[in-house]
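*Asks:* Just one file: model_7.tsv, with TSV, C-alpha atoms.
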```tsv
chain	number	residue	atom	x	y	z
A	1	MET	CA	139.12	253.05	91.54
A	2	PRO	CA	138.64	254.06	95.21
A	3	GLU	CA	141.33	255.97	97.03
A	4	SER	CA	143.69	254.04	99.28
A	5	PHE	CA	142.11	252.91	102.52
A	6	VAL	CA	142.39	250.39	105.34
A	7	HIS	CA	139.30	248.38	106.26
A	8	VAL	CA	138.97	246.11	109.31
A	9	GLY	CA	136.03	243.70	109.33
A	10	LEU	CA	134.58	242.14	112.46
A	11	ALA	CA	133.89	238.44	112.81
A	12	GLY	CA	130.46	237.23	113.84
A	13	ARG	CA	127.68	234.80	113.00
A	14	ILE	CA	124.22	236.02	111.92
A	15	VAL	CA	121.12	233.82	111.92
A	16	LEU	CA	118.07	235.60	110.44
A	17	GLY	CA	114.60	234.28	109.71
A	18	PRO	CA	111.15	233.65	111.17
A	19	GLY	CA	111.26	231.14	114.03
A	20	THR	CA	115.00	231.36	114.62
A	21	LEU	CA	114.37	231.82	118.34
A	22	ASP	CA	113.99	228.04	118.36
A	23	ARG	CA	117.60	227.71	117.23
A	24	VAL	CA	119.18	229.62	120.12
A	25	ALA	CA	119.86	226.46	122.16
A	26	ASP	CA	121.68	224.97	119.16
A	27	GLU	CA	123.74	228.16	118.85
A	28	VAL	CA	124.66	227.85	122.53
A	29	ASP	CA	125.92	224.31	121.88
A	30	LEU	CA	127.79	225.46	118.77
A	31	LEU	CA	129.77	227.89	120.91
A	32	GLY	CA	130.42	225.22	123.52
A	33	ILE	CA	128.70	227.15	126.30
A	34	GLY	CA	127.77	224.93	129.24
A	35	LYS	CA	125.68	227.25	131.43
A	36	VAL	CA	123.81	230.34	130.22
A	37	LEU	CA	122.84	233.51	132.05
A	38	LEU	CA	119.69	234.80	130.36
A	39	ILE	CA	119.07	238.58	130.23
A	40	ALA	CA	115.69	239.82	129.02
A	41	THR	CA	113.75	243.07	128.80
A	42	LYS	CA	110.23	243.15	130.23
A	43	SER	CA	108.67	243.64	126.80
A	44	VAL	CA	109.70	240.13	125.71
A	45	ARG	CA	109.20	238.29	129.00
A	46	ASP	CA	106.91	235.66	127.43
A	47	ASP	CA	109.46	234.92	124.69
A	48	ALA	CA	112.20	234.77	127.32
A	49	ASP	CA	110.12	232.22	129.25
A	50	LEU	CA	109.99	230.04	126.14
A	51	LEU	CA	113.71	230.45	125.62
A	52	GLU	CA	114.43	229.56	129.23
A	53	SER	CA	112.50	226.30	128.79
A	54	ALA	CA	114.25	225.54	125.51
A	55	LEU	CA	117.66	225.95	127.13
A	56	HIS	CA	116.87	223.06	129.52
A	57	HIS	CA	120.01	222.03	131.40
A	58	ARG	CA	121.95	224.92	129.87
A	59	PHE	CA	119.94	227.51	131.83
A	60	ALA	CA	121.82	228.84	134.86
A	61	GLY	CA	120.01	232.03	135.85
A	62	ARG	CA	118.11	235.05	134.62
A	63	ILE	CA	118.05	238.85	134.87
A	64	ASP	CA	114.86	240.70	133.94
A	65	GLU	CA	115.53	244.09	135.49
A	66	VAL	CA	117.44	246.13	132.92
A	67	ARG	CA	117.62	249.87	132.38
A	68	GLN	CA	118.77	252.05	129.52
A	69	HIS	CA	122.26	253.56	129.58
A	70	VAL	CA	123.44	250.65	131.82
A	71	PRO	CA	123.70	252.19	135.31
A	72	ALA	CA	126.95	251.18	137.02
A	73	ASP	CA	125.19	249.58	139.98
A	74	ARG	CA	123.14	247.34	137.64
A	75	ALA	CA	126.30	246.37	135.80
A	76	GLU	CA	128.06	245.36	139.02
A	77	ALA	CA	125.04	243.37	140.21
A	78	ALA	CA	124.85	241.56	136.85
A	79	ARG	CA	128.56	240.68	136.97
A	80	ALA	CA	128.08	239.25	140.46
A	81	LYS	CA	125.07	237.25	139.25
A	82	ALA	CA	127.09	235.75	136.39
A	83	ILE	CA	129.73	234.57	138.86
A	84	GLU	CA	127.12	233.31	141.34
A	85	VAL	CA	125.39	231.05	138.79
A	86	GLY	CA	128.62	229.88	137.14
A	87	ALA	CA	127.68	231.22	133.73
A	88	GLY	CA	129.84	230.22	130.79
A	89	GLY	CA	128.05	232.56	128.43
A	90	ILE	CA	125.18	235.06	128.10
A	91	VAL	CA	122.03	235.12	125.99
A	92	ALA	CA	120.49	238.60	125.80
A	93	ILE	CA	117.00	238.95	124.35
A	94	GLY	CA	115.21	242.25	123.85
A	95	GLY	CA	116.28	245.79	123.09
A	96	GLY	CA	119.58	247.59	123.41
A	97	SER	CA	119.36	247.78	127.20
A	98	ALA	CA	119.51	243.99	127.57
A	99	ILE	CA	122.37	243.69	125.11
A	100	GLY	CA	124.15	246.61	126.78
A	101	LEU	CA	123.98	244.86	130.15
A	102	ALA	CA	125.35	241.68	128.58
A	103	LYS	CA	128.25	243.71	127.20
A	104	ALA	CA	128.94	245.14	130.66
A	105	ILE	CA	129.34	241.60	131.99
A	106	ALA	CA	131.49	240.49	129.05
A	107	LEU	CA	133.76	243.52	129.43
A	108	THR	CA	135.18	242.18	132.68
A	109	SER	CA	134.49	238.43	132.37
A	110	ARG	CA	135.09	237.87	128.63
A	111	LEU	CA	132.01	235.62	128.54
A	112	PRO	CA	130.65	235.05	125.01
A	113	ILE	CA	127.34	236.70	124.12
A	114	ILE	CA	124.49	235.45	121.94
A	115	ALA	CA	122.22	238.40	121.16
A	116	VAL	CA	118.57	238.09	120.18
A	117	PRO	CA	117.57	241.69	119.39
A	118	THR	CA	113.93	242.69	119.10
A	119	THR	CA	114.54	246.34	118.21
A	120	TYR	CA	116.58	247.94	115.45
A	121	SER	CA	119.47	249.88	116.97
A	122	GLY	CA	122.08	247.46	115.64
A	123	SER	CA	124.14	247.64	118.84
A	124	GLU	CA	124.40	243.85	118.76
A	125	MET	CA	126.77	244.20	115.78
A	126	THR	CA	129.21	246.52	117.52
A	127	PRO	CA	132.06	246.18	120.05
A	128	VAL	CA	130.90	249.41	121.69
A	129	TRP	CA	129.93	249.37	125.36
A	130	GLY	CA	128.46	252.07	127.58
A	131	GLN	CA	127.89	252.61	131.29
A	132	THR	CA	126.43	255.47	133.31
A	133	ALA	CA	127.40	256.69	136.78
A	134	ASP	CA	126.51	259.95	138.55
A	135	GLY	CA	124.95	261.42	135.42
A	136	ASP	CA	128.01	260.74	133.29
A	137	LYS	CA	127.92	258.18	130.48
A	138	THR	CA	131.20	256.49	129.62
A	139	THR	CA	131.61	254.55	126.37
A	140	GLY	CA	134.40	252.48	124.93
A	141	THR	CA	135.27	249.88	122.35
A	142	ASP	CA	136.51	246.38	123.12
A	143	PRO	CA	136.22	243.30	120.89
A	144	VAL	CA	135.38	241.11	123.91
A	145	VAL	CA	131.88	242.65	124.10
A	146	LEU	CA	131.01	241.94	120.45
A	147	PRO	CA	128.37	239.16	120.41
A	148	LYS	CA	129.65	235.92	118.90
A	149	THR	CA	126.24	235.15	117.38
A	150	VAL	CA	123.23	237.32	116.58
A	151	VAL	CA	119.85	235.66	116.10
A	152	TYR	CA	117.30	237.82	114.28
A	153	ASP	CA	113.73	236.50	114.50
A	154	PRO	CA	111.22	238.91	112.92
A	155	LEU	CA	108.39	237.12	114.71
A	156	LEU	CA	109.64	238.70	117.95
A	157	SER	CA	109.36	242.27	116.66
A	158	ARG	CA	105.91	242.10	115.06
A	159	ARG	CA	104.33	243.20	118.35
A	160	LEU	CA	106.75	246.10	118.80
A	161	PRO	CA	104.66	249.26	119.23
A	162	MET	CA	104.85	251.65	116.29
A	163	LYS	CA	106.22	254.44	118.48
A	164	VAL	CA	109.09	252.21	119.62
A	165	THR	CA	109.64	250.91	116.09
A	166	SER	CA	109.97	254.42	114.64
A	167	ALA	CA	112.41	255.63	117.29
A	168	SER	CA	114.49	252.47	117.00
A	169	VAL	CA	114.72	252.83	113.22
A	170	ALA	CA	115.83	256.44	113.70
A	171	ASN	CA	118.58	255.14	115.99
A	172	ALA	CA	119.69	252.67	113.33
A	173	LEU	CA	119.64	255.35	110.64
A	174	ALA	CA	121.90	257.46	112.86
A	175	HIS	CA	124.42	254.61	112.74
A	176	CYS	CA	124.20	254.51	108.95
A	177	ILE	CA	124.42	258.26	108.42
A	178	GLU	CA	127.28	259.00	110.80
A	179	ALA	CA	129.28	256.01	109.55
A	180	THR	CA	129.81	257.83	106.26
A	181	TRP	CA	131.69	260.84	107.62
A	182	THR	CA	133.80	259.69	110.57
A	183	PRO	CA	137.60	259.72	110.21
A	184	LYS	CA	137.59	255.90	109.93
A	185	ALA	CA	134.89	255.75	107.22
A	186	ASP	CA	135.94	254.00	104.01
A	187	PRO	CA	134.26	252.87	100.75
A	188	ILE	CA	133.18	249.55	102.29
A	189	THR	CA	131.55	251.12	105.34
A	190	GLU	CA	129.86	253.61	103.01
A	191	VAL	CA	128.31	250.89	100.86
A	192	THR	CA	127.21	249.04	104.00
A	193	ALA	CA	125.67	252.18	105.48
A	194	VAL	CA	123.83	253.14	102.29
A	195	GLU	CA	122.30	249.68	101.86
A	196	GLY	CA	121.35	249.68	105.53
A	197	ALA	CA	119.61	253.03	105.16
A	198	ARG	CA	117.71	251.80	102.09
A	199	ALA	CA	116.45	248.70	103.91
A	200	LEU	CA	115.48	250.68	107.00
A	201	ARG	CA	113.46	253.23	105.04
A	202	GLU	CA	111.72	250.55	103.01
A	203	GLY	CA	110.91	248.51	106.11
A	204	LEU	CA	109.70	251.52	108.10
A	205	LEU	CA	107.32	252.74	105.40
A	206	ALA	CA	105.96	249.20	105.01
A	207	VAL	CA	105.22	248.72	108.71
A	208	LEU	CA	103.54	252.13	108.82
A	209	HIS	CA	101.10	250.65	106.30
A	210	GLU	CA	100.89	247.17	107.87
A	211	HIS	CA	102.22	246.91	111.40
A	212	ALA	CA	102.77	243.14	111.46
A	213	ASP	CA	104.22	242.80	107.94
A	214	LEU	CA	106.74	239.99	108.45
A	215	ASP	CA	108.78	240.80	105.34
A	216	ALA	CA	109.04	244.41	106.47
A	217	ARG	CA	110.12	243.37	109.97
A	218	SER	CA	112.77	241.12	108.42
A	219	ASN	CA	113.93	244.03	106.27
A	220	LEU	CA	114.25	246.23	109.36
A	221	LEU	CA	116.37	243.61	111.14
A	222	TYR	CA	118.55	243.26	108.04
A	223	GLY	CA	118.96	247.04	107.89
A	224	ALA	CA	119.73	247.22	111.59
A	225	SER	CA	122.44	244.60	111.17
A	226	LEU	CA	124.08	246.62	108.41
A	227	ALA	CA	123.71	249.82	110.42
A	228	GLY	CA	125.47	248.28	113.39
A	229	SER	CA	128.19	246.83	111.17
A	230	ALA	CA	128.85	250.21	109.57
A	231	LEU	CA	129.10	251.90	112.95
A	232	ALA	CA	131.34	249.15	114.32
A	233	MET	CA	133.84	249.68	111.52
A	234	ALA	CA	133.62	253.46	111.08
A	235	GLY	CA	133.27	254.48	114.71
A	236	THR	CA	131.30	257.41	116.05
A	237	GLY	CA	131.53	261.17	115.76
A	238	LEU	CA	129.79	264.38	116.76
A	239	HIS	CA	126.24	263.00	116.61
A	240	HIS	CA	126.77	260.03	118.92
A	241	LYS	CA	128.86	262.05	121.33
A	242	LEU	CA	126.06	264.59	121.71
A	243	CYS	CA	123.45	261.87	122.18
A	244	HIS	CA	125.52	260.08	124.80
A	245	LEU	CA	126.01	263.37	126.64
A	246	LEU	CA	122.27	264.10	126.62
A	247	GLY	CA	121.32	260.56	127.58
A	248	GLY	CA	123.85	260.15	130.35
A	249	THR	CA	123.42	263.60	131.89
A	250	TYR	CA	119.67	264.12	131.56
A	251	ASN	CA	118.49	260.51	131.27
A	252	LEU	CA	116.78	261.14	127.93
A	253	PRO	CA	115.49	258.07	126.08
A	254	HIS	CA	118.27	256.77	123.85
A	255	ALA	CA	116.58	256.09	120.51
A	256	GLU	CA	114.28	259.12	120.68
A	257	THR	CA	117.25	261.40	121.33
A	258	HIS	CA	118.89	260.13	118.15
A	259	ALA	CA	115.73	260.97	116.20
A	260	ALA	CA	115.67	264.55	117.45
A	261	VAL	CA	119.38	265.28	117.03
A	262	LEU	CA	120.29	263.46	113.80
A	263	PRO	CA	118.68	265.82	111.25
A	264	GLN	CA	120.37	268.81	112.87
A	265	VAL	CA	123.86	267.26	112.96
A	266	THR	CA	123.36	266.02	109.40
A	267	ARG	CA	122.73	269.59	108.26
A	268	TYR	CA	126.31	270.42	109.23
A	269	LYS	CA	128.17	267.20	108.59
A	270	ALA	CA	126.66	265.78	105.39
A	271	PRO	CA	128.32	268.41	103.13
A	272	THR	CA	131.71	267.07	104.30
A	273	ALA	CA	130.94	263.72	102.58
A	274	PRO	CA	129.26	264.76	99.30
A	275	ARG	CA	129.49	261.36	97.60
A	276	ALA	CA	127.92	259.56	100.55
A	277	LYS	CA	125.34	262.34	100.90
A	278	GLY	CA	124.22	261.78	97.31
A	279	ARG	CA	124.13	258.01	97.71
A	280	LEU	CA	122.14	258.22	100.94
A	281	GLU	CA	119.67	260.65	99.38
A	282	ALA	CA	119.16	258.24	96.48
A	283	ALA	CA	118.71	255.28	98.84
A	284	LEU	CA	116.22	257.20	100.99
A	285	GLU	CA	114.52	258.72	97.92
A	286	ILE	CA	114.83	262.27	99.22
A	287	ASP	CA	116.23	265.52	97.81
A	288	ASP	CA	118.12	266.78	100.87
A	289	LEU	CA	119.50	264.41	103.49
A	290	ALA	CA	118.91	266.49	106.63
A	291	ALA	CA	115.43	267.73	105.73
A	292	GLY	CA	114.48	264.33	104.33
A	293	LEU	CA	115.40	262.59	107.58
A	294	PHE	CA	113.35	265.13	109.53
A	295	ASP	CA	110.36	264.55	107.25
A	296	LEU	CA	110.71	260.75	107.45
A	297	PHE	CA	110.78	260.88	111.25
A	298	THR	CA	107.78	263.22	111.26
A	299	THR	CA	105.84	260.84	109.00
A	300	ALA	CA	106.71	257.93	111.29
A	301	ASN	CA	105.81	259.94	114.42
A	302	ALA	CA	109.34	259.71	115.78
A	303	PRO	CA	110.38	262.65	118.00
A	304	THR	CA	112.04	265.58	116.26
A	305	SER	CA	112.28	267.85	119.31
A	306	LEU	CA	114.31	267.48	122.50
A	307	ARG	CA	111.77	269.70	124.20
A	308	ASP	CA	109.15	267.00	123.67
A	309	LEU	CA	111.49	264.53	125.41
A	310	GLY	CA	111.54	266.67	128.56
A	311	LEU	CA	114.77	268.62	128.05
A	312	THR	CA	114.53	272.29	129.04
A	313	GLU	CA	115.96	275.07	126.90
A	314	ALA	CA	118.40	275.91	129.69
A	315	GLN	CA	119.59	272.29	129.76
A	316	ALA	CA	120.15	272.38	125.99
A	317	HIS	CA	122.43	275.41	126.42
A	318	GLU	CA	124.11	273.77	129.41
A	319	ALA	CA	124.81	270.61	127.38
A	320	ALA	CA	126.32	272.66	124.55
A	321	LYS	CA	128.67	274.42	126.96
A	322	GLU	CA	129.67	271.13	128.58
A	323	TYR	CA	130.45	269.54	125.21
A	324	ALA	CA	132.38	272.58	124.01
A	325	ALA	CA	134.33	273.11	127.24
A	326	ASN	CA	137.53	271.74	125.69
A	327	HIS	CA	136.97	273.15	122.21
A	328	ASP	CA	137.28	276.51	120.51
A	329	GLU	CA	134.66	279.24	120.20
A	330	GLU	CA	133.61	278.27	116.70
A	331	GLU	CA	132.86	274.67	117.69
A	332	GLU	CA	130.81	275.95	120.61
A	333	LYS	CA	128.71	277.97	118.15
A	334	VAL	CA	128.12	274.88	116.02
A	335	VAL	CA	127.07	272.66	118.92
A	336	THR	CA	124.96	275.42	120.49
A	337	ASP	CA	123.11	275.90	117.19
A	338	ILE	CA	122.63	272.14	116.69
A	339	LEU	CA	121.15	271.65	120.15
A	340	ALA	CA	119.02	274.80	119.93
A	341	ARG	CA	117.49	273.54	116.68
A	342	ALA	CA	117.10	270.03	118.07
A	343	TRP	CA	115.42	271.40	121.19
A	344	ALA	CA	112.94	273.46	119.17
A	345	GLY	CA	112.37	270.77	116.53
A	346	THR	CA	113.25	273.09	113.65
A	347	ARG	CA	113.11	271.54	110.18
A	348	PRO	CA	116.69	271.76	108.86
A	349	THR	CA	117.48	273.58	105.65
A	350	GLU	CA	120.55	273.73	103.42
A	351	ASP	CA	121.44	277.29	104.47
A	352	ALA	CA	125.12	277.94	105.10
A	353	TRP	CA	126.85	277.76	108.48
A	354	VAL	CA	126.33	281.05	110.34
A	355	GLY	CA	129.86	281.25	111.71
A	356	THR	CA	133.16	282.10	110.07
A	357	ARG	CA	134.29	278.54	109.40
A	358	PRO	CA	132.77	276.15	106.86
A	359	ALA	CA	131.16	272.96	108.16
A	360	GLU	CA	133.88	270.76	106.70
A	361	ASP	CA	136.38	272.31	109.09
A	362	LEU	CA	134.43	271.22	112.16
A	363	LYS	CA	136.71	268.82	114.04
A	364	GLU	CA	135.32	265.69	115.65
A	365	SER	CA	135.87	265.45	119.38
A	366	GLN	CA	138.36	262.75	120.31
```
For this file, write the structure as structure tokens.
*Replies:*
Amino acid sequence: MPESFVHVGLAGRIVLGPGTLDRVADEVDLLGIGKVLLIATKSVRDDADLLESALHHRFAGRIDEVRQHVPADRAEAARAKAIEVGAGGIVAIGGGSAIGLAKAIALTSRLPIIAVPTTYSGSEMTPVWGQTADGDKTTGTDPVVLPKTVVYDPLLSRRLPMKVTSASVANALAHCIEATWTPKADPITEVTAVEGARALREGLLAVLHEHADLDARSNLLYGASLAGSALAMAGTGLHHKLCHLLGGTYNLPHAETHAAVLPQVTRYKAPTAPRAKGRLEAALEIDDLAAGLFDLFTTANAPTSLRDLGLTEAQAHEAAKEYAANHDEEEEKVVTDILARAWAGTRPTEDAWVGTRPAEDLKESQ
């Protein structure tokens, strides 16, 4: 029997399958949305054109200019656009940047979102929003930004470049891994995260062999959905806080930053959740979670070094000091070591923590 726990599930509708893009207009009607503001990333502009036509009289306006980390000025302009066109809801198609901008609008307007993700971060399954201003990224959680419906069409992701695919899967795996050790993690989020990790690994290895494998692309979307669900319920911890700091301050690419940092954080945090560590290792078919993630990312050509993303060594030290400003000396040592290893791209090992405190005593920043 599991220990006592409290689990809070999140409501939402998922539509997954080849050709489901054609069903978006029906999903708009199902939610009773009269006029739709369409948000699309440049990479799926042709698909967005088809969707715009399919919406017919429901189409109210469109935003194509989106940027990662949701700059505050873009968020304000998008909110004004939604008011200008009289939008009753939002359809966001593309990667996390499009969905993030939709969330920024919903945060203040409470407009319902239909998400059509074409990458694998899983952010469409979470009530987490983020916004960047003056080099500082602010995040929060609010149920009003959780999409009401998520439409997963693997046909849309078959053309996703392998480099983008690998980084996006690393981002999703970060959701799975961290969801097993946060203070809000429970047996249900653990099972969700482990199954998500299994599907993501299986899908990634398959698309490395055959880029347009439709079953593999479906598996990746399924895994991404579980990854997002696990994160939504378990919340975030040290890993995501470091990645948001790096992304917001130094404008590093979001998914790639997750790939470089995750193995190093896992080296410290995985021992604090030994049952989940063992289950994740079995699901990923690896012997050590941290080293196995590093090797998987290397095989998939996902970044494993912050240096390769343009971060300088001085900036890595600067980020560690900024994160640890309100924490004790031992936590500063941990974060400094994590970022130094992530900057250099050092393959993690199971060696013990070099400080005086065991890893399980490392407190998560609140």
*Asks:* Please identify every residue of segment 193-292 of chain A that has at least one atom no farther than 12 Å from an atom of segment 18-27 of chain A, counting all atoms listed in the file, and for each give the shortest atom pair and the distance in Å to one decimal, arranged by chain then increasing number, as a tab-separated table.
*Replies:*
```
residue	atom	partner	partner_atom	distance
A:Asp213	CA	A:Pro18	CA	11.9
A:Leu214	CA	A:Pro18	CA	8.2
A:Asp215	CA	A:Pro18	CA	9.5
A:Ala216	CA	A:Pro18	CA	11.9
A:Arg217	CA	A:Pro18	CA	9.8
A:Ser218	CA	A:Pro18	CA	8.1
A:Asn219	CA	A:Pro18	CA	11.8
A:Leu221	CA	A:Pro18	CA	11.2
```
*Asks:* Take the residues that were just selected and, keeping C-alpha atoms, output them as a compact mmCIF listing (two decimals), in the frame of the given file.
*Replies:*
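The result, stored in result-v8.txt:
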```
# COMPACT_ATOMS: atom_id res chain seq x y z
CA ASP A 213 104.22 242.80 107.94
CA LEU A 214 106.74 239.99 108.45
CA ASP A 215 108.78 240.80 105.34
CA ALA A 216 109.04 244.41 106.47
CA ARG A 217 110.12 243.37 109.97
CA SER A 218 112.77 241.12 108.42
CA ASN A 219 113.93 244.03 106.27
CA LEU A 221 116.37 243.61 111.14
```
*Asks:* Counting only C-alpha atoms, write as a ChimeraX atom specification all protein and nucleic acid residues lying at most 12 Å from (122.5, 228.6, 137.9) in the file's frame.
*Replies:* /A:34-38,52,56-63,81-89
*Asks:* One decimal, Å: what's the distance from atom CA of Pro187 of chain A over to atom CA of His175 of chain A, could you say?
*Replies:*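 Computed distance, atom CA of Pro187 of chain A to atom CA of His175 of chain A, equals 15.6 Å.
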*Asks:* One decimal, Å: what's the distance from atom CA of Arg79 of chain A over to atom CA of Leu245 of chain A, could you say?
*Replies:*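 Between these atoms lies a distance of 25.1 Å.
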*Asks:* One decimal, in Å: what's the spacing between atom CA of Ala224 of chain A and atom CA of Val169 of chain A?
*Replies:*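 Straight-line distance from atom CA of Ala224 of chain A to atom CA of Val169 of chain A works out to 7.7 Å.
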*Asks:* Counting all atoms listed in the file, note down every residue that has an atom within 7 Å of the point (129.2, 230.6, 125.5) (file coordinates), as a list in words.
*Replies:*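 Applying the cut-off with all atoms listed in the file, one gets Val28, Leu31, Gly32, Ile33, Gly34, Gly88, Gly89, Ile90, Leu111, Pro112 and Ile113 of chain A.
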*Asks:* Counting only C-alpha atoms, which residues in segment 243-284 of chain A sit no more than 12 Å from segment 317-321 of chain A? For each one, give the nearest pair of atoms and the distance in Å, sorted by chain then residue number, as JSON lines.
*Replies:*
```
{"residue": "A:Cys243", "atom": "CA", "partner": "A:Ala319", "partner_atom": "CA", "distance": 10.3}
{"residue": "A:His244", "atom": "CA", "partner": "A:Ala319", "partner_atom": "CA", "distance": 10.9}
{"residue": "A:Leu245", "atom": "CA", "partner": "A:Ala319", "partner_atom": "CA", "distance": 7.4}
{"residue": "A:Leu246", "atom": "CA", "partner": "A:Ala319", "partner_atom": "CA", "distance": 7.0}
{"residue": "A:Gly247", "atom": "CA", "partner": "A:Ala319", "partner_atom": "CA", "distance": 10.6}
{"residue": "A:Gly248", "atom": "CA", "partner": "A:Ala319", "partner_atom": "CA", "distance": 10.9}
{"residue": "A:Thr249", "atom": "CA", "partner": "A:Ala319", "partner_atom": "CA", "distance": 8.5}
{"residue": "A:Tyr250", "atom": "CA", "partner": "A:Ala319", "partner_atom": "CA", "distance": 9.3}
```
*Asks:* Have a look at A:Leu293, A:Leu242, A:Thr118, A:Gly237 and name the one nearest to Lys269 of chain A; count all atoms listed in the file.
*Replies:*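 The shortest atom-to-atom distance to Lys269 of chain A comes from A:Gly237.
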*Asks:* When you look at Ser123 of chain A with a cut-off of 9 Å (counting only C-alpha atoms), what residues show up, excluding the ones that are within fewer than 3 positions of it in the same chain? I need them as a PDB file with C-alpha atoms, in the frame of the given file.
*Replies:*
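Listing of out-v6.pdb after writing:
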```
ATOM      1  CA  GLY A  96     119.580 247.590 123.410  1.00  0.00           C
ATOM      2  CA  ILE A  99     122.370 243.690 125.110  1.00  0.00           C
ATOM      3  CA  GLY A 100     124.150 246.610 126.780  1.00  0.00           C
ATOM      4  CA  PRO A 117     117.570 241.690 119.390  1.00  0.00           C
ATOM      5  CA  TYR A 120     116.580 247.940 115.450  1.00  0.00           C
ATOM      6  CA  THR A 126     129.210 246.520 117.520  1.00  0.00           C
ATOM      7  CA  PRO A 127     132.060 246.180 120.050  1.00  0.00           C
ATOM      8  CA  VAL A 128     130.900 249.410 121.690  1.00  0.00           C
ATOM      9  CA  TRP A 129     129.930 249.370 125.360  1.00  0.00           C
ATOM     10  CA  ALA A 172     119.690 252.670 113.330  1.00  0.00           C
ATOM     11  CA  ALA A 224     119.730 247.220 111.590  1.00  0.00           C
ATOM     12  CA  SER A 225     122.440 244.600 111.170  1.00  0.00           C
ATOM     13  CA  ALA A 227     123.710 249.820 110.420  1.00  0.00           C
ATOM     14  CA  GLY A 228     125.470 248.280 113.390  1.00  0.00           C
ATOM     15  CA  SER A 229     128.190 246.830 111.170  1.00  0.00           C
ATOM     16  CA  LEU A 231     129.100 251.900 112.950  1.00  0.00           C
ATOM     17  CA  ALA A 232     131.340 249.150 114.320  1.00  0.00           C
TER      18      ALA A 232
END
```
